[in-house]
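Peer 1: Dropping in model.txt, with compact mmCIF, C-alpha atoms and all ligand atoms.
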# COMPACT_ATOMS: atom_id res chain seq x y z
CA MET A 26 -105.48 -2.01 103.51
CA ALA A 27 -107.14 1.33 102.77
CA ASP A 28 -105.73 4.67 104.03
CA VAL A 29 -108.03 4.53 107.05
CA VAL A 30 -107.73 1.26 108.96
CA LYS A 31 -110.93 -0.20 110.42
CA VAL A 32 -110.15 -1.26 113.98
CA ALA A 33 -112.03 -3.36 116.54
CA ILE A 34 -110.98 -3.45 120.21
CA ALA A 35 -111.69 -6.49 122.39
CA GLY A 36 -111.51 -5.80 126.11
CA ALA A 37 -112.65 -2.22 125.48
CA ALA A 38 -114.08 -1.90 129.00
CA GLY A 39 -110.78 -2.82 130.68
CA ARG A 40 -107.91 -0.59 131.83
CA MET A 41 -105.87 -1.00 128.63
CA GLY A 42 -108.88 -1.32 126.34
CA ALA A 43 -110.36 2.01 127.50
CA GLU A 44 -107.05 3.76 126.84
CA ALA A 45 -106.79 2.10 123.42
CA VAL A 46 -110.31 3.29 122.51
CA LYS A 47 -109.17 6.89 123.14
CA ALA A 48 -105.93 6.37 121.19
CA VAL A 49 -107.63 4.85 118.13
CA GLU A 50 -110.37 7.49 118.17
CA GLY A 51 -107.65 10.14 118.20
CA ALA A 52 -105.77 8.69 115.21
CA ASP A 53 -106.63 10.28 111.84
CA ASP A 54 -105.70 7.14 109.93
CA MET A 55 -107.95 4.78 111.94
CA GLU A 56 -111.66 4.23 112.37
CA LEU A 57 -112.96 2.45 115.47
CA VAL A 58 -115.69 0.22 114.01
CA ALA A 59 -116.35 -2.06 117.01
CA THR A 60 -115.71 -2.38 120.72
CA LEU A 61 -116.15 -5.80 122.31
CA THR A 62 -116.74 -6.59 125.95
CA ARG A 63 -116.89 -10.07 127.48
CA GLU A 64 -120.62 -10.31 126.64
CA ASP A 65 -120.25 -9.60 122.92
CA SER A 66 -120.23 -12.21 120.17
CA LEU A 67 -117.08 -12.37 118.06
CA GLU A 68 -119.37 -12.11 115.03
CA LYS A 69 -119.26 -8.37 115.70
CA LEU A 70 -115.76 -8.41 114.22
CA VAL A 71 -117.18 -9.64 110.92
CA THR A 72 -120.34 -7.52 110.79
CA SER A 73 -118.40 -4.35 111.63
CA GLY A 74 -115.99 -4.92 108.73
CA ALA A 75 -112.96 -4.73 111.06
CA GLU A 76 -109.59 -5.11 109.36
CA VAL A 77 -107.51 -5.21 112.56
CA LEU A 78 -108.47 -6.63 115.95
CA VAL A 79 -106.71 -5.14 118.98
CA ASP A 80 -106.95 -7.72 121.75
CA LEU A 81 -106.55 -6.42 125.32
CA THR A 82 -108.55 -9.00 127.20
CA VAL A 83 -107.49 -11.76 129.61
CA PRO A 84 -105.25 -14.81 129.17
CA SER A 85 -108.26 -17.17 129.14
CA SER A 86 -109.98 -15.30 126.23
CA THR A 87 -107.24 -14.09 123.94
CA GLU A 88 -106.41 -17.32 122.11
CA ALA A 89 -110.02 -17.91 120.96
CA ASN A 90 -110.36 -14.27 119.89
CA VAL A 91 -107.20 -14.34 117.80
CA HIS A 92 -108.02 -17.68 116.17
CA PHE A 93 -111.46 -16.34 115.22
CA ALA A 94 -109.88 -13.22 113.70
CA VAL A 95 -107.35 -15.24 111.69
CA GLU A 96 -110.06 -17.59 110.38
CA HIS A 97 -111.98 -14.55 109.13
CA GLY A 98 -108.99 -12.84 107.48
CA ILE A 99 -108.69 -10.15 110.16
CA HIS A 100 -105.21 -9.09 111.34
CA ALA A 101 -104.60 -9.01 115.09
CA VAL A 102 -102.53 -6.85 117.42
CA VAL A 103 -102.39 -8.58 120.77
CA GLY A 104 -101.23 -7.13 124.08
CA THR A 105 -102.86 -9.74 126.26
CA THR A 106 -100.57 -12.06 128.21
CA GLY A 107 -100.74 -15.85 128.48
CA TRP A 108 -99.18 -16.83 125.13
CA SER A 109 -97.08 -19.87 126.00
CA GLU A 110 -94.63 -21.29 123.45
CA GLU A 111 -97.17 -24.07 122.80
CA LYS A 112 -99.98 -21.58 122.06
CA LEU A 113 -97.68 -19.55 119.83
CA GLU A 114 -96.79 -22.70 117.88
CA THR A 115 -100.48 -23.61 117.40
CA LEU A 116 -101.14 -20.09 116.12
CA ARG A 117 -98.14 -20.24 113.78
CA LYS A 118 -99.58 -23.43 112.26
CA LYS A 119 -103.03 -21.86 111.86
CA LEU A 120 -101.50 -18.85 110.10
CA GLU A 121 -99.96 -21.17 107.50
CA ASP A 122 -103.54 -21.76 106.27
CA HIS A 123 -104.15 -17.97 106.14
CA PRO A 124 -100.90 -16.67 104.63
CA GLU A 125 -102.26 -13.16 104.04
CA VAL A 126 -103.04 -12.53 107.74
CA GLY A 127 -100.63 -10.89 110.19
CA VAL A 128 -100.67 -11.32 113.97
CA LEU A 129 -98.50 -9.32 116.36
CA ILE A 130 -98.20 -10.68 119.89
CA ALA A 131 -96.57 -7.86 121.85
CA PRO A 132 -95.59 -8.66 125.45
CA ASN A 133 -95.07 -4.91 125.93
CA PHE A 134 -96.01 -1.93 123.75
CA ALA A 135 -93.92 0.67 125.65
CA ILE A 136 -90.73 1.61 123.80
CA GLY A 137 -88.74 1.85 127.03
CA ALA A 138 -89.73 -1.65 128.11
CA ILE A 139 -88.88 -3.06 124.68
CA LEU A 140 -85.46 -1.41 124.79
CA ALA A 141 -84.86 -2.60 128.37
CA THR A 142 -85.43 -6.18 127.21
CA GLU A 143 -83.10 -5.71 124.24
CA PHE A 144 -80.36 -4.11 126.37
CA ALA A 145 -80.66 -6.88 128.96
CA ALA A 146 -80.38 -9.62 126.33
CA LYS A 147 -77.31 -7.86 124.92
CA ALA A 148 -75.67 -7.50 128.35
CA ALA A 149 -76.57 -10.97 129.65
CA ARG A 150 -73.58 -12.84 128.23
CA TYR A 151 -71.07 -10.59 130.02
CA PHE A 152 -72.33 -11.18 133.59
CA GLU A 153 -72.11 -14.23 135.82
CA SER A 154 -75.52 -13.61 137.41
CA VAL A 155 -78.82 -12.27 136.13
CA GLU A 156 -82.27 -12.05 137.71
CA VAL A 157 -85.48 -10.23 136.72
CA ILE A 158 -87.88 -8.39 139.04
CA GLU A 159 -91.26 -7.25 137.71
CA MET A 160 -93.47 -4.92 139.75
CA HIS A 161 -97.14 -4.28 139.00
CA HIS A 162 -100.46 -2.97 140.31
CA PRO A 163 -102.26 -5.47 142.58
CA ASN A 164 -105.16 -5.99 140.11
CA LYS A 165 -102.94 -7.89 137.71
CA VAL A 166 -104.20 -11.48 137.35
CA ASP A 167 -101.08 -13.21 136.02
CA ALA A 168 -97.56 -13.68 137.35
CA PRO A 169 -94.89 -13.43 136.28
CA SER A 170 -95.72 -10.69 133.79
CA GLY A 171 -95.62 -11.48 130.08
CA THR A 172 -92.86 -8.91 129.70
CA ALA A 173 -90.69 -10.48 132.40
CA ALA A 174 -91.17 -13.97 130.95
CA HIS A 175 -90.25 -12.65 127.48
CA THR A 176 -87.21 -10.82 128.87
CA ALA A 177 -86.03 -13.91 130.76
CA SER A 178 -86.42 -16.08 127.65
CA LYS A 179 -84.39 -13.65 125.55
CA ILE A 180 -81.70 -13.45 128.23
CA ALA A 181 -81.58 -17.26 128.46
CA ALA A 182 -81.30 -17.60 124.67
CA ALA A 183 -78.48 -15.02 124.52
CA ARG A 184 -76.57 -16.77 127.32
CA ALA A 185 -77.06 -20.20 125.75
CA GLU A 186 -75.78 -18.91 122.40
CA ALA A 187 -72.69 -17.47 124.11
CA GLY A 188 -72.13 -20.65 126.16
CA VAL A 189 -72.55 -18.87 129.50
CA ALA A 190 -73.17 -21.09 132.55
CA ALA A 191 -76.28 -20.83 134.71
CA SER A 192 -76.26 -18.05 137.34
CA PRO A 193 -74.57 -19.34 140.51
CA ASP A 194 -76.98 -20.17 143.33
CA ALA A 195 -76.19 -22.11 146.49
CA THR A 196 -79.81 -22.25 147.70
CA GLU A 197 -80.60 -25.59 149.29
CA THR A 198 -84.05 -24.82 150.73
CA ASP A 199 -86.63 -22.44 149.27
CA GLN A 200 -89.67 -21.92 151.47
CA GLY A 201 -92.68 -20.58 149.59
CA GLY A 202 -90.88 -20.02 146.33
CA SER A 203 -88.64 -17.24 147.68
CA ARG A 204 -86.25 -17.65 144.77
CA GLY A 205 -88.98 -16.78 142.29
CA ALA A 206 -90.10 -18.50 139.10
CA ASP A 207 -87.65 -20.31 136.87
CA VAL A 208 -88.11 -19.08 133.27
CA ASP A 209 -85.71 -20.95 130.99
CA GLY A 210 -83.23 -21.06 133.89
CA VAL A 211 -83.54 -17.34 134.75
CA ARG A 212 -85.10 -16.36 138.11
CA VAL A 213 -88.09 -14.00 137.84
CA HIS A 214 -89.62 -12.29 140.90
CA ALA A 215 -93.08 -10.71 140.93
CA VAL A 216 -94.07 -7.80 143.21
CA ARG A 217 -97.69 -6.58 143.48
CA LEU A 218 -97.99 -3.13 145.06
CA ARG A 219 -100.73 -0.50 145.26
CA GLY A 220 -99.65 2.63 143.41
CA LEU A 221 -97.61 0.87 140.73
CA THR A 222 -98.58 0.51 137.08
CA ALA A 223 -95.85 -1.61 135.45
CA SER A 224 -92.12 -1.75 136.16
CA GLN A 225 -89.31 -4.14 135.42
CA GLU A 226 -85.75 -4.37 136.70
CA ILE A 227 -83.06 -6.62 135.30
CA LEU A 228 -80.17 -7.14 137.71
CA LEU A 229 -76.86 -8.24 136.21
CA GLY A 230 -74.05 -9.07 138.59
CA ASP A 231 -70.39 -9.91 138.31
CA GLN A 232 -67.39 -9.71 140.63
CA GLY A 233 -67.40 -6.30 142.32
CA GLN A 234 -70.07 -4.77 140.07
CA GLN A 235 -73.74 -4.62 139.23
CA LEU A 236 -75.66 -3.31 136.23
CA VAL A 237 -79.34 -2.50 136.76
CA ILE A 238 -81.61 -1.94 133.77
CA ARG A 239 -84.96 -0.53 134.86
CA HIS A 240 -88.10 0.61 133.09
CA ASP A 241 -91.25 2.15 134.59
CA SER A 242 -94.61 2.71 132.95
CA PHE A 243 -96.27 5.29 135.20
CA ASP A 244 -99.39 5.51 133.04
CA ARG A 245 -101.04 3.33 130.39
CA VAL A 246 -100.59 6.14 127.84
CA SER A 247 -97.03 4.79 127.62
CA PHE A 248 -98.35 1.76 125.72
CA MET A 249 -100.45 3.62 123.16
CA PRO A 250 -97.85 4.67 120.55
CA GLY A 251 -96.89 0.98 120.36
CA VAL A 252 -100.52 -0.11 119.95
CA LEU A 253 -101.01 2.39 117.11
CA LEU A 254 -97.74 1.33 115.46
CA GLY A 255 -98.90 -2.28 115.65
CA VAL A 256 -102.20 -1.42 113.96
CA ARG A 257 -100.42 0.49 111.19
CA GLU A 258 -97.81 -2.23 110.56
CA VAL A 259 -99.49 -5.58 111.16
CA ALA A 260 -100.88 -6.08 107.63
CA LYS A 261 -97.38 -5.55 106.21
CA HIS A 262 -96.08 -8.49 108.30
CA PRO A 263 -98.03 -11.65 107.42
CA GLY A 264 -97.61 -14.60 109.78
CA LEU A 265 -96.76 -14.41 113.46
CA THR A 266 -94.55 -11.70 114.93
CA HIS A 267 -93.62 -12.07 118.60
CA GLY A 268 -92.50 -8.72 119.99
CA LEU A 269 -92.87 -5.17 118.69
CA ASP A 270 -89.05 -5.00 118.45
CA HIS A 271 -89.43 -6.73 115.06
CA TYR A 272 -91.42 -3.75 113.68
CA LEU A 273 -88.87 -1.31 115.12
CA GLY A 274 -85.86 -2.81 113.38
CA LEU A 275 -84.19 -3.67 116.68
N1 LIG B 1 -98.63 -5.57 125.92
C1 LIG B 1 -98.70 -4.53 126.74
O1 LIG B 1 -97.97 -3.52 126.57
C2 LIG B 1 -99.66 -4.55 127.87
C3 LIG B 1 -100.38 -5.68 128.10
N2 LIG B 1 -101.26 -5.73 129.13
C4 LIG B 1 -102.02 -6.95 129.22
O2 LIG B 1 -103.30 -6.70 128.62
C5 LIG B 1 -104.29 -7.49 129.27
C6 LIG B 1 -105.39 -6.57 129.78
O3 LIG B 1 -104.89 -5.79 130.84
P1 LIG B 1 -105.86 -4.81 131.64
O4 LIG B 1 -106.53 -3.88 130.70
O5 LIG B 1 -105.05 -4.25 132.75
O6 LIG B 1 -106.91 -5.84 132.23
P2 LIG B 1 -108.45 -5.57 132.61
O7 LIG B 1 -108.86 -6.71 133.48
O8 LIG B 1 -108.62 -4.17 133.10
O9 LIG B 1 -109.21 -5.68 131.21
C7 LIG B 1 -109.50 -6.86 130.54
C8 LIG B 1 -110.92 -6.71 129.99
O10 LIG B 1 -111.18 -7.74 129.05
C9 LIG B 1 -112.50 -8.15 129.22
N3 LIG B 1 -112.70 -9.45 128.57
C10 LIG B 1 -112.42 -10.69 129.05
N4 LIG B 1 -112.73 -11.61 128.12
C11 LIG B 1 -113.18 -10.93 127.04
C12 LIG B 1 -113.65 -11.32 125.74
N5 LIG B 1 -113.70 -12.61 125.39
N6 LIG B 1 -114.03 -10.37 124.87
C13 LIG B 1 -113.97 -9.06 125.21
N7 LIG B 1 -113.56 -8.61 126.42
C14 LIG B 1 -113.16 -9.55 127.32
C15 LIG B 1 -112.70 -8.12 130.74
O11 LIG B 1 -114.08 -8.15 131.09
C16 LIG B 1 -112.01 -6.79 131.06
O12 LIG B 1 -112.91 -5.70 130.90
C17 LIG B 1 -103.56 -8.28 130.34
O13 LIG B 1 -103.22 -9.55 129.87
C18 LIG B 1 -102.32 -7.45 130.61
O14 LIG B 1 -101.28 -8.21 131.13
C19 LIG B 1 -101.46 -4.68 129.95
C20 LIG B 1 -100.74 -3.54 129.79
C21 LIG B 1 -99.77 -3.37 128.74
O1 LIG B 2 -101.07 -6.27 133.39
C1 LIG B 2 -100.36 -5.27 133.17
O2 LIG B 2 -100.59 -4.17 133.71
C2 LIG B 2 -99.25 -5.38 132.23
N1 LIG B 2 -99.13 -6.47 131.55
C3 LIG B 2 -98.13 -6.77 130.60
C4 LIG B 2 -97.24 -7.88 131.12
O3 LIG B 2 -97.72 -8.80 131.78
O4 LIG B 2 -96.05 -7.85 130.83
C5 LIG B 2 -97.37 -5.54 130.15
C6 LIG B 2 -97.10 -4.56 131.25
O5 LIG B 2 -96.13 -5.09 132.09
C7 LIG B 2 -98.36 -4.21 132.01
Hey, can you dump this file as structure tokens for me?
Peer 2:
Amino acid sequence: MADVVKVAIAGAAGRMGAEAVKAVEGADDMELVATLTREDSLEKLVTSGAEVLVDLTVPSSTEANVHFAVEHGIHAVVGTTGWSEEKLETLRKKLEDHPEVGVLIAPNFAIGAILATEFAAKAARYFESVEVIEMHHPNKVDAPSGTAAHTASKIAAARAEAGVAASPDATETDQGGSRGADVDGVRVHAVRLRGLTASQEILLGDQGQQLVIRHDSFDRVSFMPGVLLGVREVAKHPGLTHGLDHYLGL
């Protein structure tokens, strides 16, 4: 890619998209060549000459947007949630036909949240019990959050690798899903509260002790350095990358 990266933002009218427009416009090494709202045709990506698509839309739109970008040789930096393992696998296969294209699916762009997930995965093998609580603004459309699902999966993988048993739980009845969602055997609880932006707590318990790992995004500016890093790095990482931790050497 040239010294100045041509960037298109899908979901530009949304909460994250609007913040990303400001961030890209403020970056000397990027040029914002297109903003897409729900009404726009994806052809705008091609006619604008975009080299990188930043997708900050909704779970029901993101897959089609990213597939279109890949088919047209455009790299993609994706913050939108809703990427199940099945959808990731389909995308991986598509990228095999476009080996020069890079896609970053980033469940969270905030460095603190990324580190919280890493620390939790590292700690998970040493504790008998682990549960995840995510807390968000009430306008969020999906639950549990993409970050919490990603964190739970990484915790589950770390515990499986270490041969740790499932967290003990004597629950016999669970009215209304009080015990939360089961993500790869890890319980994940979702709170929606006016005033919040995005927070996550990982509770790790063992006999006579508890470790709490917590991260709070108070403002969406917290995500922007990660978005810009993604734009700068994505072309150097062909294929699918799941998690900004891979660009950070974590
Ligand atoms: N990875 C991360 O660090 C973060 C990810 N997110 C995720 O990003 C996504 C967006 O979050 P918000 O900005 O809060 O939501 P939002 O609802 O404020 O914005 C989404 C926007 O996308 C638009 N849209 C829907 N389909 C579209 C399409 N096909 N083309 C263009 N625009 C389209 C909607 O009309 C809306 O304006 C969510 O999935 C959220 O979970 C949010 C914050 C941080
Ligand atoms: O919708 C949000 O706001 C957020 N979504 C992402 C998620 O679902 O993990 C990232 C962050 O938690 C904010």
Peer 1: Hey, what's within 10 Å of Leu253 of chain A if we count only C-alpha atoms and toss same-chain stuff fewer than 3 positions away? As a list of chain:residue names, please?
Peer 2: A:Ala45, A:Ala48, A:Val49, A:Ala52, A:Asp54, A:Met55, A:Val79, A:Val102, A:Phe134, A:Phe248, A:Met249, A:Pro250, A:Val256, A:Arg257, A:Glu258
Peer 1: Which is closer to His267 of chain A than all the others in A:Gly42, A:Gly233, A:Pro84, A:Pro132, using only C-alpha atoms?
Peer 2: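 Looking at the shortest contact to His267 of chain A, the residue is A:Pro132.
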Peer 1: For ligand LIG 2 (chain B), list the contacting residues at 9 Å or closer, counting all atoms listed in the file, as a PyMOL selection string.
Peer 2: chain A and resi 40-41+104-107+131-135+138+159-162+164-175+222-225+242+245+248
Peer 1: Taking into account all atoms listed in the file, which residue in the set A:Ser154, A:Ser86, A:Ser73, A:Gln232 is nearest to ligand LIG 1 (chain B)?
Peer 2: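 Distance minimum relative to ligand LIG 1 (chain B) lands on A:Ser86.
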Peer 1: Please determine, counting all atoms listed in the file, which residue among A:Asp194, A:Asp199, A:Asp209, A:Glu76 has the shortest atom-to-atom distance to Val259 of chain A.
Peer 2: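 The closest residue to Val259 of chain A is A:Glu76.
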Peer 1: For ligand LIG 1 (chain B), which of A:Gly255, A:Gly188, A:Gly264, A:Gly201 is the closest residue, counting all atoms listed in the file?
Peer 2: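 Looking only at the distances to ligand LIG 1 (chain B), the closest residue turns out to be A:Gly255.
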